[in-house]
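Chemist: I'd like to ask some things about the structure below.
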Amino acid sequence: MAAAKAVHKKTTRPGAAGPEELQQQDGLMPTKVSLTLNGEAVSTEVDSRTLLVELIRENFIKTGTHVGCDTSQCGACVVHVDGRSVKSCTMLALQAEGADIRTIEGVATDGELHPMQEAFREHHGLQCGYCTPGMIMSALDLVKNNPDPDDREIREWLEGNLCRCTGYQNIVRAVKAGAEAMRSGE
Amino acid sequence: MIKNGMGAAVRRKEDYRFITGNGQYVDDINRPNQVYAYIVRSPVAHARLASVDTAAARAVPGVVAVLTGADMATDGIGGLPCGWGIHNKDGSPMAEPGHPPLAAEVVRYVGDQVAVVIAESKAIARDASELVEVDYDELPAVAGLVAASADGAALVWDEAPGNICYDWEIGDQAATEAAFASAKQIASIDVVNNRLIANAMEPRSAIGEYDSGKDEHTLYTTSQNPHVIRLLMGAFVMGIPEHKLRVIAPDVGGGFGSKIFHYAEEAIVTWAAKKIKRPIKWTAERSESFISDAHGRDHVTHAEMAMDENGIFVGLRVSTRANLGAYLSTFGPSVPTYLYATLLAGTYKTPAIYAEVKGMFTNTVPVDAYRGAGRPEASYLLERLVDRAAKVAGLDPIEIRRRNFIQPDEFPYQTPVALEYDTGDYGAAVDKALELGDYDSFDKRKAESAGRGKLRGIGISTYIEACGLAPSNIAGALGARAGLYEAGTVRVNPTGSVTVLTGSHSHGQGHETTFAQLVTEALGVDFDLVEIVHGDTGKVPFGMGTYGSRSAAVGGVALVNALEKIRTKAKKIAAHLLEASEEDIEFKEGQLTVAGTDKAVAFSDVAMAAYVPHNYPLETLEPGLEETAFYDPKNFTFPAGCHICEVEIDPDTGVVDVVSFTAADDFGRVINPMIVEGQVHGGVAQGIGQALYEQCIYDESGQLMSGSLMDYCLPKADNIPDFSVTTSVTPCTHNVLGVKGCGEAGAIGAPPAVINAVLNALAKYEVDDIQMPATPERVWRAIQSAAK
Amino acid sequence: MEIKGEYQIDAPRQAVWEALNDPEMLKKCIPGCESLEKVGDAKFAAKVTAAVGPVRAKFNTSLSLEDLNPPVSYRLVGESKAAAGFGRGSATVELEEQDGGTLLRYDADFKVGGKLAQVGSRLVMGATKKTADQFFSAFSKELDPGAARVDAAVESTAEPSFPWTYVLSGASFVVLLIWWFLLR
């Protein structure tokens with residue numbers, strides 16, 4: 001998986017880091033990154049400390065991916081990196097070099113909602129909408145690995161996605177219905 | 001029933017943009033030439049600012065400005081105002097110290113704003129903020145209510161001796177004492193209502209922008225009530241008149257009360273944007289939210305219930321200390337007083353009630369309304385106390401409640417604590433909840449759990465809340481410094497589509513759907529041809545916003561009144577077009593018909609006639625079809641209900657598992673049952689969160705120890721069961737919709753139901769108290785100490 | 001919070017003591033140490049920058065040494081500040097000759113504030129251990145590049161956990177406390 005590509009690796013003996021080196025470590029020198037975003041080849045320059053979510057939101061202005069915390073708890077920033085769900089705040093932008101990234105904006109095709117998106121609307125699986133993109137991206141990864149998840153499996157899978165509005169019940173219903181629609185659509 | 005009208009479970013209009021990633025929250029907005037603000041915050045709870053040296057930060061390439069409280073004072077920027085004044089027992093006003101958006105002399109909590117660094121990028125602003133050298137001369141701090149009330153406690157404010165903001169009372173003390181003197185039995189309780197942090201998933205954000213050509217300010221902010229921010233910030237902080245200040249609250253990712261208040265950052269970006277003549281964006285990091293969003297609850301209470309020999313309540317006395325934090329937040333003082341103690345009658349006929357509340361300053365983040373705001377505190381106290389009273393009186397918890405309920409034929413009912421309930425049927429809600437929750441077969445389930453080594457418990461609560469804030473004259477007499485009406489405008493466009501401008505803001509509640517249903521119901525206009533506009537003072541003339549479960553009961557009624565004006569005018573136009581008398585026109589399902597004939601005109605043709613008035617009674621009627629209504633409610637609304645919780649406890653670990661939760665709520669008439677059920681789910685989840693998981697912890701020096709989502713436990717998907725939800729309806733008697741409000745009920749009814757269930761499960765250990773949150777450690781310790 | 005630990009260093013006690021008296025040596029071994037100065041009798045000032053992931057913080061540290069008993073033990077009192085928070089407290093350190101080398105023991109009691117407190121003391125503990133290990137590993141190598149061996153053991157009253165980025169930078173304070181008090 002391209003995400004594992006370590007661009008940032010550096011071996012330094014502790015204590016040897018001077019200000020210049022820190023500056024380099026902090027990535028104040030822009031570096032080019034190229035990747036596929038929702039099927040489109042894109043590239044830009046970022047500081048090496050730039051997070052993937054910042055790259056998506058600020059460089060490519062795909063603001064459907066949200067930031068809800070700074071400790072990787074909330075899951076509002078979940079995207080797919082080479083087909084797997086990843087909290088995009090836990091990954092550096094440069095780690096995504098060459099990767100295939102899909103965000104919530106890339107889920108519907110030609111204006112037609114994905115069955116999982118439809119299911120969230122049909123089952124009132126969202127209220128304020130802030131956690132929703134991350135929920136949907138997580139749910140899609142769950143169903144990819146487990147096409148017929150039960151309630152318990154859904155609830156456990158979504159442990160890393162916080163929602164403060166819905167009490168989760170309608171999200172669970174939506175994921176279940178979305179999974180069913182995806183099964184019958186195949 | 002009209003398709004997509006009142007009572008239909010219509011799927012939400014707003015969902016499409018959210019599920020496709022096209023919502024537009026404040027942080028998603030970028031203005032041309034925008035720069036970024038990072039706030040330097042105090043790391044200590046109480047200190048004099050000996051010096052704030054910004055030179056090194058200003059020297060960083062990319063830094064545009066570094067501004068401090070001294071700069072703000074020089075510019076004559078005012079303090080953040082408090083919107084509700086409380087009076088002491090002796091009639092004197094509460095202590096009301098100033099609240100500068102950037103502290104100039106003293107910081108009073110960890111997170112207090114000291115300086116703002118503005119730079120070309122977020123990263124530069126953050127880096128440079130570390131170069132702002134602040135010399136803090138530390139002062140002694142107090143964090144908790146007990147420490148703040150101790151003799152010789154350090155003072156947060158010199159002008160508030162004993163750290164007392166106010167010492168307030170309500171009710172008839174003499175009558176209550178007399179009731180206690182004659183009581184046959186008394187139950188008493190001490191409870192702590194744990195301190196909480198709302199943690200809406202979207203962190204707060206604000207963009208300030210200034211147009212020097214027009215001398216106009218625009219503020220984009222994560223607010224539940226942009227008009228209130230315009231009022232407070234314009235009039236009290238910045239001195240900007242309404243017509244020069246536009247406040248926009250676009251999509252907002254949840255509020256739960258925490259986004260009602262006027263915050264320092266809103267004033268900071270508005271002020272600084274004019275200074276540097278560029279738009280400025282500030283967005284909180286989550287760890288910053290923990291130390292800058294107003295917190296909720298934090299009460300310590302002692303209460304006693306006096307009963308006669310039959311378990312009939314004869315008197316209630318309550319003494320509460322409430323933590324207000326270091327400064328008075330916008331509605332902070334009203335929450336532990338008029339939104340709390342006025343609800344202490346609950347659903348019961350207790351004839352004499354006396355409550356006193358001390359609002360206390362501490363060196364902590366300001367405390368204000370959080371989902372339920374005062375009412376969960378009242379409900380938790382009362383329902384825990386009633387369970388204890390049942391024990392004292394030797395009665396079943398349900399029986400003691402039924403004996404004391406206000407009966408359906410006793411409304412309107414004047415409580416001894418100021419409110420007059422208009423309607424309700426509390427016994428009916430209990431019946432529904434018992435049936436839906438299969439209460440009668442609990443013993444069977446308990447035995448089954450015991451077979452697996454688990455302790456099963458069941459708990460009940462009945463609650464009432466005062467919603468639909470509020471009759472302005474009453475609120476004003478009680479200290480509110482603003483009106484609490486709501487406004488709605490219905491603009492019928494020439495082709496018959498409808499644009500509604502409402503002062504109610506939607507941040508998850510689904511107004512774009514429910515309000516459109518009201519339009520469809522009234523005018524017969526296709527649901528898809530209705531657009532609800534909210535959250536922009538530049539588009540919506542007035543409004544007071546969304547809180548206290550008021551949107552349907554106040555904003556919805558304002559809209560319905562405006563719709564009625566449209567109907568009236570449409571009939572006049574139709575009468576002209578159909579050459580009939582106005583009284584003979586019937587308006588049904590989008591058609592205006594001359595009664596008893598087949599002469600009819602479609603509403604869309606009436607709209608067209610209004611805007612192309614070629615054939616129109618111009619001498620008696622203005623052209624156009626747009627109407628506005630302001631609505632100020634006659635009374636509060638009183639949603640009530642019964643919640644039943646079942647828990648399973650693992651005695652070896654103390655882990656509490658909520659295995660079932662049943663809610664039977666009376667919200668009056670329901671506009672959209674799907675949305676109402678969703679509101680209940682969310683509220684109950686937050687109530688379970690308060691009861692079992694969430695707690696904000698300060699150490700004795702005022703450091704916040706639970707300042708991240710790793711340390712503050714929000715309920716997760718696998719902590720929460722499926723809920724069984726139903727309604728038990730008595731329509732509100734004083735608004736045309738008959739609605740009461742549903743947004744907070746879950747957070748009000750759930751905590752006592754959960755804790756009563758936990759105590760019921762632990763009955764065999766004779767554990768008679770457990771404080772929230774009932775963490776595994778607390779439960780395990782309770783079991784261990786009882787076992788000894 | 002309290003943190004205790006011990007390190008076995010393959011060098012004689014006197015050499016350890018002297019190395020710990022050498023500001024240049026310490027500067028080399030302290031992760032991110034930019035400067036280290038004596039500012040008065042048994043008083044020192046240091047600047048340490050630590051950067052991990054998206055967070056960087058510069059800690060200004062002031063320390064004073066008390067109860068000096070060379071080359072056996074010290075008490076160190078100090079404070080370290082950065083935008084990410086602060087730490088303050090004291091530590092006792094003992095050097096004991098053992099197995100031909102030196103066993104260093106420390107016992108620190110400190111408080112953290114600001115962001116450091118906010119994100120949880122458990123994390124400070126874990127990060128502190130990692131930073132301390134880095135220091136002693138480098139220190140040991142500097143003392144005897146041919147035979148570096150560090151056995152580290154840290155116990156604390158809180159559960160260790162994975163280090164969170166900016167906490168690591170704050171934890172430098174504790175490390176500074178430790179060798180600072182070995183420094184005269």
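FYI, nothing fancy with the structure tokens labels: chains A, B, ... in order, residues from 1 per chain, ligands from 1 as they appear.
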DSSP on the backbone: which residues in region 66-136 of chain C end up as strand (DSSP E)? Give the answer as a compact mmCIF listing (two decimals) with N, CA and C atoms, in the first residue's frame.
Modeler:
# COMPACT_ATOMS: atom_id res chain seq x y z
N GLU C 66 19.79 21.52 44.70
CA GLU C 66 19.78 21.61 46.15
C GLU C 66 20.31 20.31 46.74
N ASP C 67 20.64 20.36 48.03
CA ASP C 67 21.09 19.16 48.77
C ASP C 67 22.20 18.41 48.02
N LEU C 68 23.20 19.17 47.57
CA LEU C 68 24.28 18.55 46.78
C LEU C 68 25.12 17.62 47.64
N ASN C 69 25.37 16.42 47.14
CA ASN C 69 26.23 15.47 47.83
C ASN C 69 27.05 14.71 46.80
N SER C 73 24.50 12.16 45.29
CA SER C 73 23.09 12.50 45.13
C SER C 73 22.83 14.01 45.08
N TYR C 74 21.62 14.35 44.61
CA TYR C 74 21.16 15.72 44.42
C TYR C 74 19.67 15.80 44.55
N ARG C 75 19.26 17.03 44.72
CA ARG C 75 17.84 17.29 44.54
C ARG C 75 17.74 18.42 43.53
N LEU C 76 16.84 18.29 42.63
CA LEU C 76 16.71 19.26 41.57
C LEU C 76 15.30 19.84 41.60
N VAL C 77 15.25 21.18 41.52
CA VAL C 77 13.95 21.82 41.50
C VAL C 77 13.88 22.66 40.23
N GLY C 78 12.80 22.57 39.52
CA GLY C 78 12.80 23.31 38.27
C GLY C 78 11.43 23.52 37.66
N GLU C 79 11.48 24.28 36.61
CA GLU C 79 10.25 24.61 35.89
C GLU C 79 10.57 24.70 34.42
N SER C 80 9.67 24.23 33.59
CA SER C 80 9.87 24.24 32.16
C SER C 80 8.59 24.73 31.50
N LYS C 81 8.74 25.70 30.60
CA LYS C 81 7.54 26.32 30.03
C LYS C 81 7.58 26.32 28.51
N ALA C 82 6.44 26.15 27.93
CA ALA C 82 6.30 26.30 26.49
C ALA C 82 4.86 26.65 26.20
N GLY C 85 2.35 24.23 27.23
CA GLY C 85 2.11 23.97 28.64
C GLY C 85 3.36 24.11 29.45
N PHE C 86 3.27 23.65 30.67
CA PHE C 86 4.43 23.78 31.54
C PHE C 86 4.52 22.58 32.45
N GLY C 87 5.73 22.41 33.00
CA GLY C 87 5.92 21.39 34.02
C GLY C 87 6.72 22.02 35.13
N ARG C 88 6.44 21.61 36.33
CA ARG C 88 7.28 22.06 37.43
C ARG C 88 7.30 20.98 38.49
N GLY C 89 8.42 20.92 39.21
CA GLY C 89 8.51 19.89 40.22
C GLY C 89 9.92 19.72 40.71
N SER C 90 10.16 18.59 41.31
CA SER C 90 11.49 18.32 41.84
C SER C 90 11.80 16.84 41.67
N ALA C 91 13.10 16.54 41.76
CA ALA C 91 13.51 15.15 41.63
C ALA C 91 14.74 14.91 42.48
N THR C 92 14.85 13.72 43.00
CA THR C 92 16.11 13.33 43.64
C THR C 92 16.76 12.31 42.73
N VAL C 93 18.10 12.41 42.64
CA VAL C 93 18.85 11.47 41.82
C VAL C 93 19.99 10.90 42.64
N GLU C 94 20.20 9.64 42.48
CA GLU C 94 21.31 8.98 43.18
C GLU C 94 22.14 8.20 42.19
N LEU C 95 23.47 8.25 42.40
CA LEU C 95 24.39 7.44 41.60
C LEU C 95 24.98 6.39 42.52
N GLU C 96 24.94 5.15 42.05
CA GLU C 96 25.46 4.08 42.88
C GLU C 96 26.41 3.22 42.05
N GLU C 97 27.56 2.86 42.63
CA GLU C 97 28.47 2.00 41.88
C GLU C 97 27.91 0.59 41.88
N GLN C 98 27.85 0.02 40.67
CA GLN C 98 27.26 -1.31 40.60
C GLN C 98 27.76 -2.03 39.36
N GLY C 101 29.92 -0.54 36.84
CA GLY C 101 29.41 0.67 36.20
C GLY C 101 28.71 1.52 37.25
N THR C 102 27.74 2.26 36.76
CA THR C 102 27.04 3.15 37.67
C THR C 102 25.53 2.97 37.48
N LEU C 103 24.85 2.84 38.58
CA LEU C 103 23.39 2.77 38.53
C LEU C 103 22.83 4.13 38.91
N LEU C 104 22.09 4.69 37.99
CA LEU C 104 21.49 6.00 38.25
C LEU C 104 20.02 5.78 38.59
N ARG C 105 19.60 6.37 39.70
CA ARG C 105 18.20 6.23 40.11
C ARG C 105 17.59 7.61 40.24
N TYR C 106 16.40 7.77 39.76
CA TYR C 106 15.75 9.06 39.98
C TYR C 106 14.31 8.86 40.46
N ASP C 107 13.87 9.86 41.15
CA ASP C 107 12.53 9.81 41.72
C ASP C 107 11.97 11.25 41.63
N ALA C 108 11.11 11.45 40.68
CA ALA C 108 10.64 12.81 40.41
C ALA C 108 9.16 12.95 40.76
N ASP C 109 8.82 14.12 41.23
CA ASP C 109 7.43 14.45 41.50
C ASP C 109 7.16 15.76 40.77
N PHE C 110 6.27 15.73 39.83
CA PHE C 110 6.06 16.95 39.08
C PHE C 110 4.61 17.13 38.68
N LYS C 111 4.35 18.34 38.31
CA LYS C 111 3.01 18.73 37.90
C LYS C 111 3.09 19.28 36.50
N VAL C 112 2.10 19.02 35.70
CA VAL C 112 2.08 19.64 34.39
C VAL C 112 0.84 20.50 34.24
N GLY C 113 0.94 21.47 33.37
CA GLY C 113 -0.21 22.36 33.17
C GLY C 113 -0.40 22.66 31.70
Chemist: Chain A residues within 8 Å of chain B, counting only C-alpha atoms: which ones, as a ChimeraX atom specification?
Modeler: /A:57,63-65,67-71,73-74,104-105,107-108,113,117,120-122,124,126-133,136,152,155-156,158-170
Chemist: If we count only C-alpha atoms, what is near region 337-347 of chain B at a cut-off of 8 Å, once residues fewer than 5 positions away on the same chain are taken out, given as a VMD selection string?
Modeler: chain B and resid 168 170 353 355 357 373 to 379 382 404 to 406 415 to 419 426 462 to 466 478 640
Chemist: Using only C-alpha atoms, I'd like a table of the residues in chain C that come within 6 Å of chain A; for each, show the closest atom pair and its distance in Å rounded to one decimal, ordered by chain and ascending number, as a Markdown table.
Modeler:
| residue | atom | partner | partner_atom | distance |
| --- | --- | --- | --- | --- |
| C:Lys28 | CA | A:Gly15 | CA | 4.6 |
| C:Cys29 | CA | A:Gly15 | CA | 4.4 |
| C:Ile30 | CA | A:Gly15 | CA | 4.8 |
| C:Pro31 | CA | A:Gly15 | CA | 4.0 |
| C:Gly32 | CA | A:Gly15 | CA | 5.5 |
| C:Pro54 | CA | A:Arg49 | CA | 5.5 |
Chemist: May I have the residues from that selection written out with N, CA and C atoms, as a PDB file, in the first residue's frame?
Modeler:
ATOM      1  N   LYS C  28      24.622  17.868  23.910  1.00  0.00           N
ATOM      2  CA  LYS C  28      24.630  16.891  22.830  1.00  0.00           C
ATOM      3  C   LYS C  28      23.602  15.786  23.034  1.00  0.00           C
ATOM      4  N   CYS C  29      23.428  15.418  24.280  1.00  0.00           N
ATOM      5  CA  CYS C  29      22.609  14.228  24.542  1.00  0.00           C
ATOM      6  C   CYS C  29      21.132  14.521  24.760  1.00  0.00           C
ATOM      7  N   ILE C  30      20.831  15.764  25.136  1.00  0.00           N
ATOM      8  CA  ILE C  30      19.424  16.078  25.380  1.00  0.00           C
ATOM      9  C   ILE C  30      18.726  16.267  24.044  1.00  0.00           C
ATOM     10  N   PRO C  31      17.749  15.461  23.768  1.00  0.00           N
ATOM     11  CA  PRO C  31      17.053  15.611  22.480  1.00  0.00           C
ATOM     12  C   PRO C  31      16.528  17.040  22.321  1.00  0.00           C
ATOM     13  N   GLY C  32      16.977  17.695  21.267  1.00  0.00           N
ATOM     14  CA  GLY C  32      16.459  19.028  20.956  1.00  0.00           C
ATOM     15  C   GLY C  32      17.011  20.157  21.798  1.00  0.00           C
ATOM     16  N   PRO C  54       3.053  17.252  13.745  1.00  0.00           N
ATOM     17  CA  PRO C  54       2.690  18.628  13.436  1.00  0.00           C
ATOM     18  C   PRO C  54       3.001  19.601  14.561  1.00  0.00           C
TER      19      PRO C  54
END
Chemist: Taking only residues of chain C that have an atom at most 7 Å from an atom of chain B, what is each one's shortest atom pair and its distance in Å to one decimal, using only C-alpha atoms, in chain and number order, as a Markdown table?
Modeler:
| residue | atom | partner | partner_atom | distance |
| --- | --- | --- | --- | --- |
| C:Ala57 | CA | B:Glu130 | CA | 6.9 |
| C:Ala82 | CA | B:Glu130 | CA | 7.0 |
| C:Ala83 | CA | B:Glu130 | CA | 4.9 |
| C:Gly85 | CA | B:Pro43 | CA | 5.8 |
| C:Gly113 | CA | B:Gln703 | CA | 6.0 |
| C:Gly114 | CA | B:Pro43 | CA | 4.1 |
| C:Ala117 | CA | B:Met705 | CA | 5.6 |
| C:Gln118 | CA | B:Gly707 | CA | 4.3 |
| C:Val119 | CA | B:Ser708 | CA | 5.5 |
| C:Gly120 | CA | B:Met705 | CA | 6.1 |
Chemist: If we count only C-alpha atoms and set the cut-off at 9 Å, which residues sit around Met182 (chain A), ignoring sequence neighbours fewer than 4 positions away in its own chain? Please answer as a ChimeraX atom specification.
Modeler: /A:114-116,143,147,177-178,186
Chemist: With N, CA, C and O atoms kept, could you save the residues just selected as a short mmCIF file (atom, residue, chain, number, x, y, z; two decimals), in the first residue's frame?
Modeler:
data_model
loop_
_atom_site.label_atom_id
_atom_site.label_comp_id
_atom_site.auth_asym_id
_atom_site.auth_seq_id
_atom_site.Cartn_x
_atom_site.Cartn_y
_atom_site.Cartn_z
N HIS A 114 -24.85 6.83 -4.09
CA HIS A 114 -24.49 5.45 -3.76
C HIS A 114 -25.57 4.88 -2.83
O HIS A 114 -26.15 5.63 -2.04
N PRO A 115 -25.83 3.59 -2.90
CA PRO A 115 -26.86 3.01 -2.02
C PRO A 115 -26.62 3.32 -0.54
O PRO A 115 -27.58 3.48 0.23
N MET A 116 -25.37 3.43 -0.14
CA MET A 116 -25.10 3.73 1.27
C MET A 116 -25.51 5.16 1.60
O MET A 116 -26.07 5.44 2.66
N VAL A 143 -18.58 -2.77 4.82
CA VAL A 143 -19.38 -3.63 3.95
C VAL A 143 -18.51 -4.34 2.90
O VAL A 143 -18.80 -5.46 2.49
N PRO A 147 -20.04 -8.14 3.90
CA PRO A 147 -21.20 -7.67 3.14
C PRO A 147 -22.52 -7.73 3.90
O PRO A 147 -23.47 -7.05 3.52
N ALA A 177 -29.11 -1.26 6.06
CA ALA A 177 -29.90 -1.15 4.83
C ALA A 177 -29.00 -0.89 3.63
O ALA A 177 -29.23 -1.42 2.54
N GLY A 178 -27.97 -0.07 3.84
CA GLY A 178 -27.03 0.21 2.76
C GLY A 178 -26.32 -1.06 2.31
O GLY A 178 -26.15 -1.30 1.11
N GLU A 186 -25.48 -6.18 -6.56
CA GLU A 186 -24.35 -6.85 -7.23
C GLU A 186 -24.78 -7.98 -8.13
O GLU A 186 -25.86 -8.50 -7.99
#
Chemist: Could you tell me which of A:Gly134, A:Gly83, A:Gly111, A:Gly125 comes closest to Ala99 (chain A) if we count only C-alpha atoms?
Modeler: A:Gly83
